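Below is target.cif, holding mmCIF, C-alpha atoms.
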data_entry
loop_
_atom_site.label_atom_id
_atom_site.label_comp_id
_atom_site.auth_asym_id
_atom_site.auth_seq_id
_atom_site.Cartn_x
_atom_site.Cartn_y
_atom_site.Cartn_z
CA MET A 17 0.00 0.00 0.00
CA GLY A 18 1.75 3.13 -1.19
CA GLY A 19 4.99 1.32 -2.02
CA HIS A 20 6.51 1.65 1.47
CA PRO A 21 9.28 -0.81 2.51
CA ALA A 22 8.18 -3.68 4.74
CA GLU A 23 9.96 -6.23 6.96
CA ILE A 24 8.52 -9.74 6.76
CA GLU A 25 9.17 -12.58 9.21
CA VAL A 26 8.85 -16.13 7.87
CA TYR A 27 8.76 -19.11 10.22
CA ILE A 28 7.60 -22.72 10.31
CA ILE A 29 4.00 -23.18 11.40
CA GLY A 30 3.69 -24.45 14.97
CA GLN A 31 7.21 -23.41 15.97
CA PRO A 32 7.65 -20.19 18.04
CA ILE A 33 9.82 -17.52 16.47
CA ASP A 34 12.20 -17.51 19.45
CA ALA A 35 12.74 -21.28 19.08
CA VAL A 36 14.13 -21.02 15.55
CA SER A 37 17.84 -21.85 15.63
CA ASP A 38 20.55 -20.64 13.27
CA GLU A 39 20.36 -23.94 11.43
CA ASP A 40 16.68 -23.34 10.80
CA GLU A 41 17.46 -20.09 9.01
CA ALA A 42 18.68 -21.98 5.95
CA PRO A 43 16.11 -22.04 3.13
CA LYS A 44 13.75 -24.99 3.48
CA LYS A 45 10.97 -26.19 1.28
CA ILE A 46 7.88 -26.36 3.47
CA ALA A 47 4.18 -26.73 2.86
CA LYS A 48 2.59 -23.45 1.94
CA PRO A 49 -0.08 -22.43 4.46
CA LYS A 50 -3.45 -21.35 3.21
CA VAL A 51 -3.90 -17.68 3.92
CA ALA A 52 -6.63 -15.23 3.07
CA ARG A 53 -5.83 -13.36 -0.09
CA ASN A 54 -5.38 -9.64 0.40
CA GLN A 55 -8.02 -8.07 -1.82
CA ASN A 56 -6.57 -4.59 -1.30
CA LYS A 57 -3.14 -5.38 -2.71
CA ARG A 58 -1.97 -2.69 -5.09
CA LYS A 59 0.92 -2.42 -7.43
CA PRO A 60 3.63 0.01 -6.29
CA PRO A 61 3.37 3.38 -8.00
CA GLN A 62 5.28 3.77 -11.21
CA LYS A 63 8.31 5.98 -10.74
CA ARG A 64 8.97 6.74 -14.38
CA GLU A 65 6.62 9.61 -14.94
CA THR A 66 9.16 12.24 -15.87
CA VAL A 67 8.45 13.80 -19.22
CA LYS A 68 11.94 13.72 -20.69
CA LYS A 69 12.69 16.34 -23.29
CA SER A 70 15.98 16.61 -25.10
CA PHE A 71 17.89 19.89 -25.32
CA PRO A 72 17.32 21.95 -27.38
CA LYS A 73 13.58 21.57 -27.02
CA LYS A 74 11.52 20.34 -29.92
CA LYS A 75 7.79 20.29 -30.32
CA ILE A 76 6.39 16.94 -29.31
CA GLU A 77 4.34 15.19 -31.96
CA ARG A 78 1.46 13.33 -30.39
CA LYS A 79 0.32 10.33 -32.36
CA ILE A 80 -3.25 9.14 -32.14
CA ASP A 81 -3.44 5.74 -30.50
CA GLU A 82 -5.43 3.55 -32.85
CA ASN A 83 -5.99 1.06 -30.02
CA ILE A 84 -8.11 3.49 -27.97
CA PRO A 85 -11.74 2.26 -28.04
CA THR A 86 -14.22 4.59 -29.73
CA GLU A 87 -17.39 2.63 -28.97
CA LYS A 88 -18.78 1.41 -25.65
CA ASP A 89 -18.43 -2.23 -24.72
CA PRO A 90 -21.97 -3.28 -23.62
CA GLU A 91 -20.60 -6.10 -21.49
CA VAL A 92 -18.24 -3.77 -19.60
CA GLU A 93 -20.93 -1.11 -19.22
CA GLU A 94 -23.42 -3.57 -17.71
CA ALA A 95 -20.91 -5.23 -15.38
CA VAL A 96 -19.43 -1.97 -14.10
CA GLY A 97 -22.90 -0.50 -13.61
CA LYS A 98 -23.85 -3.38 -11.30
CA ILE A 99 -20.54 -3.35 -9.41
CA LEU A 100 -20.61 0.40 -8.86
CA SER A 101 -24.27 0.37 -7.81
CA ASN A 102 -23.57 -2.38 -5.26
CA ILE A 103 -20.67 -0.41 -3.80
CA ILE A 104 -22.71 2.81 -3.55
CA ASN A 105 -25.72 1.00 -2.07
CA SER A 106 -23.53 -0.64 0.57
CA THR A 107 -22.49 2.81 1.83
CA GLY A 108 -26.08 3.90 2.38
CA LEU A 109 -25.40 7.23 0.65
CA ASP A 110 -28.08 9.05 -1.32
CA THR A 111 -26.36 8.86 -4.70
CA ASP A 112 -27.46 7.78 -8.17
CA VAL A 113 -25.31 6.21 -10.90
CA TYR A 114 -25.54 7.37 -14.52
CA VAL A 115 -23.63 6.62 -17.72
CA ARG A 116 -22.53 9.44 -20.01
CA ASP A 117 -23.35 9.16 -23.70
CA GLN A 118 -19.86 10.18 -24.77
CA MET A 119 -16.67 8.28 -23.95
CA GLU A 120 -13.56 10.05 -22.71
CA GLU A 121 -10.04 8.94 -23.62
CA GLY A 122 -11.38 5.54 -24.64
CA SER A 123 -13.18 4.99 -21.33
CA ILE A 124 -16.86 4.62 -20.45
CA VAL A 125 -17.69 7.42 -18.01
CA PHE A 126 -19.96 6.76 -15.02
CA GLU A 127 -21.36 9.84 -13.27
CA LEU A 128 -22.35 9.87 -9.59
CA GLU A 129 -24.98 12.43 -8.60
CA GLY A 130 -27.01 13.03 -5.46
CA LYS A 131 -27.18 14.70 -2.07
CA ASP A 132 -24.27 12.69 -0.66
CA SER A 133 -22.17 12.40 -3.81
CA GLY A 134 -19.62 14.92 -2.53
CA LEU A 135 -18.57 12.46 0.19
CA LEU A 136 -17.35 10.10 -2.52
CA ILE A 137 -14.74 12.58 -3.76
CA GLY A 138 -12.51 12.71 -0.70
CA ARG A 139 -9.44 14.84 -0.16
CA ARG A 140 -8.16 15.89 -3.58
CA GLY A 141 -10.22 13.13 -5.15
CA GLU A 142 -8.45 10.30 -3.30
CA THR A 143 -11.67 8.47 -2.38
CA LEU A 144 -12.97 8.78 -5.93
CA SER A 145 -9.70 7.44 -7.33
CA SER A 146 -9.85 4.47 -4.95
CA ILE A 147 -13.42 3.63 -5.97
CA GLU A 148 -12.46 3.84 -9.63
CA TYR A 149 -9.45 1.56 -9.04
CA LEU A 150 -11.51 -1.07 -7.22
CA VAL A 151 -14.30 -1.05 -9.81
CA ARG A 152 -11.80 -1.48 -12.65
CA LEU A 153 -10.05 -4.29 -10.80
CA ILE A 154 -13.24 -6.21 -10.01
CA ALA A 155 -14.72 -5.75 -13.49
CA SER A 156 -11.50 -6.73 -15.27
CA LYS A 157 -11.19 -9.88 -13.16
CA ASN A 158 -14.83 -10.90 -13.61
CA LEU A 159 -14.84 -10.27 -17.36
CA ASP A 160 -11.29 -11.54 -17.93
CA LYS A 161 -10.51 -8.44 -19.99
CA ARG A 162 -9.54 -4.84 -19.43
CA ALA A 163 -12.38 -2.61 -18.25
CA ASN A 164 -11.78 0.91 -19.53
CA VAL A 165 -13.98 2.97 -17.23
CA MET A 166 -13.83 6.37 -15.60
CA ILE A 167 -15.87 7.46 -12.59
CA ASP A 168 -16.69 11.11 -11.91
CA VAL A 169 -18.80 13.03 -9.42
CA GLU A 170 -20.73 15.95 -10.92
CA ASP A 171 -17.85 16.96 -13.24
CA TYR A 172 -15.31 17.05 -10.40
CA LYS A 173 -12.52 15.64 -12.58
CA LEU A 174 -13.16 18.22 -15.30
CA ARG A 175 -13.02 21.06 -12.78
CA ARG A 176 -9.92 19.54 -11.17
CA LYS A 177 -8.21 19.25 -14.56
CA GLU A 178 -8.91 22.89 -15.39
CA LYS A 179 -7.61 24.01 -12.00
CA LEU A 180 -4.40 21.98 -12.30
CA ALA A 181 -3.81 23.25 -15.84
CA SER A 182 -4.12 26.81 -14.55
CA ILE A 183 -1.71 26.11 -11.69
CA ALA A 184 0.77 24.56 -14.12
CA SER A 185 0.67 27.51 -16.52
CA ASN A 186 0.97 30.15 -13.78
CA THR A 187 3.84 28.32 -12.09
CA ALA A 188 5.65 27.88 -15.40
CA GLU A 189 5.47 31.65 -15.96
CA LYS A 190 7.06 32.26 -12.55
CA VAL A 191 9.83 29.76 -13.31
CA ILE A 192 10.60 31.44 -16.63
CA LYS A 193 10.54 34.90 -15.04
CA THR A 194 12.72 34.08 -12.03
CA GLY A 195 14.91 31.39 -13.57
CA LYS A 196 14.41 29.24 -10.46
CA ARG A 197 12.79 25.85 -10.26
CA ILE A 198 9.54 25.42 -8.32
CA SER A 199 8.19 22.27 -6.67
CA LEU A 200 4.44 21.77 -6.58
CA GLU A 201 2.61 20.06 -3.71
CA PRO A 202 2.47 16.24 -3.63
CA MET A 203 -0.11 14.89 -6.08
CA SER A 204 -1.59 11.63 -7.31
CA ALA A 205 -0.27 10.04 -10.50
CA SER A 206 -3.28 11.25 -12.51
CA ASP A 207 -2.85 14.85 -11.28
CA ARG A 208 0.88 14.82 -12.05
CA ARG A 209 0.11 13.59 -15.53
CA ILE A 210 -2.14 16.62 -16.11
CA ILE A 211 0.72 18.94 -15.09
CA HIS A 212 3.18 17.15 -17.39
CA MET A 213 0.82 17.19 -20.38
CA THR A 214 -0.16 20.83 -19.86
CA LEU A 215 3.48 21.95 -20.05
CA ALA A 216 4.74 19.38 -22.55
CA ASP A 217 4.96 21.90 -25.41
CA ASN A 218 6.55 24.71 -23.39
CA ASN A 219 10.11 25.05 -24.72
CA GLN A 220 11.32 27.17 -21.82
CA ILE A 221 10.73 24.74 -18.96
CA ASP A 222 11.09 21.06 -18.12
CA THR A 223 8.95 18.98 -15.77
CA GLN A 224 10.00 16.04 -13.59
CA SER A 225 8.33 13.86 -10.96
CA ARG A 226 10.36 13.47 -7.77
CA GLY A 227 9.80 11.83 -4.41
CA GLU A 228 8.35 8.53 -3.27
CA GLY A 229 4.84 7.27 -2.59
CA LEU A 230 2.38 9.87 -1.33
CA GLN A 231 5.11 12.54 -1.30
CA ARG A 232 5.78 12.34 -5.05
CA LYS A 233 5.49 15.76 -6.65
CA VAL A 234 6.14 17.63 -9.91
CA VAL A 235 9.17 19.90 -10.17
CA ILE A 236 9.20 22.58 -12.88
CA ASN A 237 12.73 23.54 -13.99
CA PRO A 238 13.86 26.43 -16.23
CA ILE A 239 15.72 25.53 -19.43
CA ASP A 240 18.84 27.62 -19.80
#

Can you turn what I pasted into structure tokens?
Amino acid sequence: MGGHPAEIEVYIIGQPIDAVSDEDEAPKKIAKPKVARNQNKRKPPQKRETVKKSFPKKKIERKIDENIPTEKDPEVEEAVGKILSNIINSTGLDTDVYVRDQMEEGSIVFELEGKDSGLLIGRRGETLSSIEYLVRLIASKNLDKRANVMIDVEDYKLRRKEKLASIASNTAEKVIKTGKRISLEPMSASDRRIIHMTLADNNQIDTQSRGEGLQRKVVINPID
């Protein structure tokens, strides 16, 4: 969870840890105990998010990914609708689930609306991101194929994207004016991606992601 280091103790079932001798520390092939599978296991965050740009800067040519779906998958839409509805109903919140007509970035967009929908956003969208992750994971496993879905709460992600783009542009102007690099506050991977993409064509600055886990942030550097 979060990619933090962990120390794990391994010992033979039925034998106290203190009773393990030095000889027992040698690798042994033992029967594997049946343990409950951790359903919340996540992959460690990807560290290679830095948008690398060679010097001198050149305009980046973005190619259209022909593999991005342009039409909704009815099977995915139905499965995700049921999974998401079950999760929302289990919380007891007064929130309805809708499906947008248009797809976004190759994903089917599910919209949550209602009196309690704001509670599903969380601090900087962390709760919403977690719900989206779980729904994708469950749907992909049940359908045995990738479930390209996006979950939003009353256009929160759109408003968040516009705000981050504004922050990126304003900060880039300060970096260019002062010639000093500026570090933004720690952000999620999706938020950092918005910053990188917003400034990708700016030939006067360079962006990098630095830090580990929840403290990973975007650093905007001047090009000189």

Exercise for review: Run the PyMOL selection byres ((chain A and resi 109-117) around 9) mentally over the shown coordinates, then write out the matched residues as a PyMOL selection string, using the chain letters and numbers from the document.
Suggested key: chain A and resi 93+97+100-101+104-108+118-119+124-133+135

Practice item. Select, from A:Lys179, A:Arg162, A:Lys157, A:Arg140, the residue with the minimum atom-to-atom distance to Ser123 of chain A, counting all atoms listed in the file. Key: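 Among the listed residues, the smallest separation from Ser123 of chain A belongs to A:Arg162.
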
**Study point:** Resolved residues for the PyMOL selection byres ((chain A and resi 236) around 6) as a ChimeraX atom specification
**Key:** /A:197-198,222-223,235,237

Check your understanding: What do you get, as a PyMOL selection string, if you spell out every residue that the PyMOL selection byres ((chain A and resi 150) around 12) selects here?
Key -> chain A and resi 55-58+96+99-100+103+143-149+151-157+163+165-167

Check your understanding: Out of A:Ser206, A:Gln231, A:Thr194, A:Asn158, which residue has the shortest atom-to-atom distance to Gly141 of chain A when counting all atoms listed in the file?
Key ->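 Looking at the shortest contact to Gly141 of chain A, the residue is A:Ser206.
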
Study note, to complete from the structure: Pairwise distance, atom CA of Arg175 of chain A with atom CA of Gly227 of chain A, equals 26.0 Å

Check your understanding: What does the distance between atom CA of Leu215 of chain A and atom CA of Glu121 of chain A come to in Å, to one decimal place?
Key -> 19.1 Å

Point to revise | Minimum-distance residue to Ala184 of chain A, chosen among A:Met203, A:Leu136, A:Thr214, A:Glu170 (using only C-alpha atoms) | key: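 Looking at the shortest contact to Ala184 of chain A, the residue is A:Thr214.
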
Exercise for review: With a distance cut-off of 8 Å and only C-alpha atoms, select the neighbouring residues of Leu180 of chain A, excluding the residue or stretch itself and same-chain residues fewer than 3 positions from it, and output the selection as a ChimeraX atom specification.
Suggested key: /A:176-177,183-184,207,210-211

**Study point:** Distance of atom CA of Leu174 of chain A from atom CA of Ile137 of chain A, expressed in Å to one decimal place
**Key:** 12.9 Å

Check your understanding: Mind listing as a PyMOL selection string all residues within 8 Å of (1.0, 10.4, -2.4), counting all atoms listed in the file?
Key -> chain A and resi 18+202-204+228-232

**Study point:** Spatial neighbours of Arg208 of chain A, 8 Å, all atoms listed in the file, chain gap at least 6 places, as JSON, numbers by chain
**Key:** {"A": [225, 233, 234]}
